[in-house]
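Q: Have a look at this one.
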Amino acid sequence: MSSFSFQRPTTGAAAAAASNAAEYLTFRLGQEEYGIDILRVQEIRSYEQPTRMAHAPEFIKGVIDLRGVIVPIVDLRLKLGCSTADYTDFTVVIILNVGGTVLGAVVDAVADVVALPADSIKPAPQFQSQLDSAFVRGIATVGERMLIVVDIESLLSSSELGLVQAVAAG
């Protein structure tokens, strides 16, 4: 399977802008664009069919062997209730380190890395719905794009992380 790499800006205006900003990897789920803290990202891989684990929740697609480490694969599209979760040539797995656990997150596509000053992330509106918005750190505008900034540790609750760890160990 192929891996992709990305380089953080290190010179000129980009470095100056990034010096007081956090960097986020942006990705698409359906029509929405999300951002995740770049420090949680280990690598980006093309999607490969994981080995399904019995009795795992639907959003846990299974596990893969990543250089000798068994890594659970979570489909964020299913976790967030996206209307469809089609697997295409653009579907990728972002390998993350969340709370000391390595896991893969399936997303529709990866866009780029952006530097966002903390004051550019505005609080997200709170809605009464089935979707728990506690995982949303806020909303940022990047050019003409709206970016939903995600707190991945809140998205995968402690009980779900425990379940993910149990699946990986099983």
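Chain identifiers are assigned as A, B, and so on, following the order in which chains appear in the structure tokens; residues are numbered from 1 within each chain, and ligands are numbered from 1 in order of appearance.
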Contacts of Glu58 (chain A) at 12 Å or less, counting only C-alpha atoms, minus same-chain residues fewer than 5 places along, as JSON, numbers by chain?

A: {"A": [52, 53, 73, 74, 75, 76, 77, 78, 79, 80, 81, 85]}

Q: How far is it from CA of Gly143 (chain A) to CA of Val93 (chain A), in Å with one decimal?

A: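 Answer for the CA of Gly143 (chain A) to CA of Val93 (chain A) separation: 25.8 Å.
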
Q: What is the distance between CA of Pro72 (chain A) and CA of Ser154 (chain A), in Å to one decimal?

A: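 Computing it gives 17.4 Å between the two atoms.
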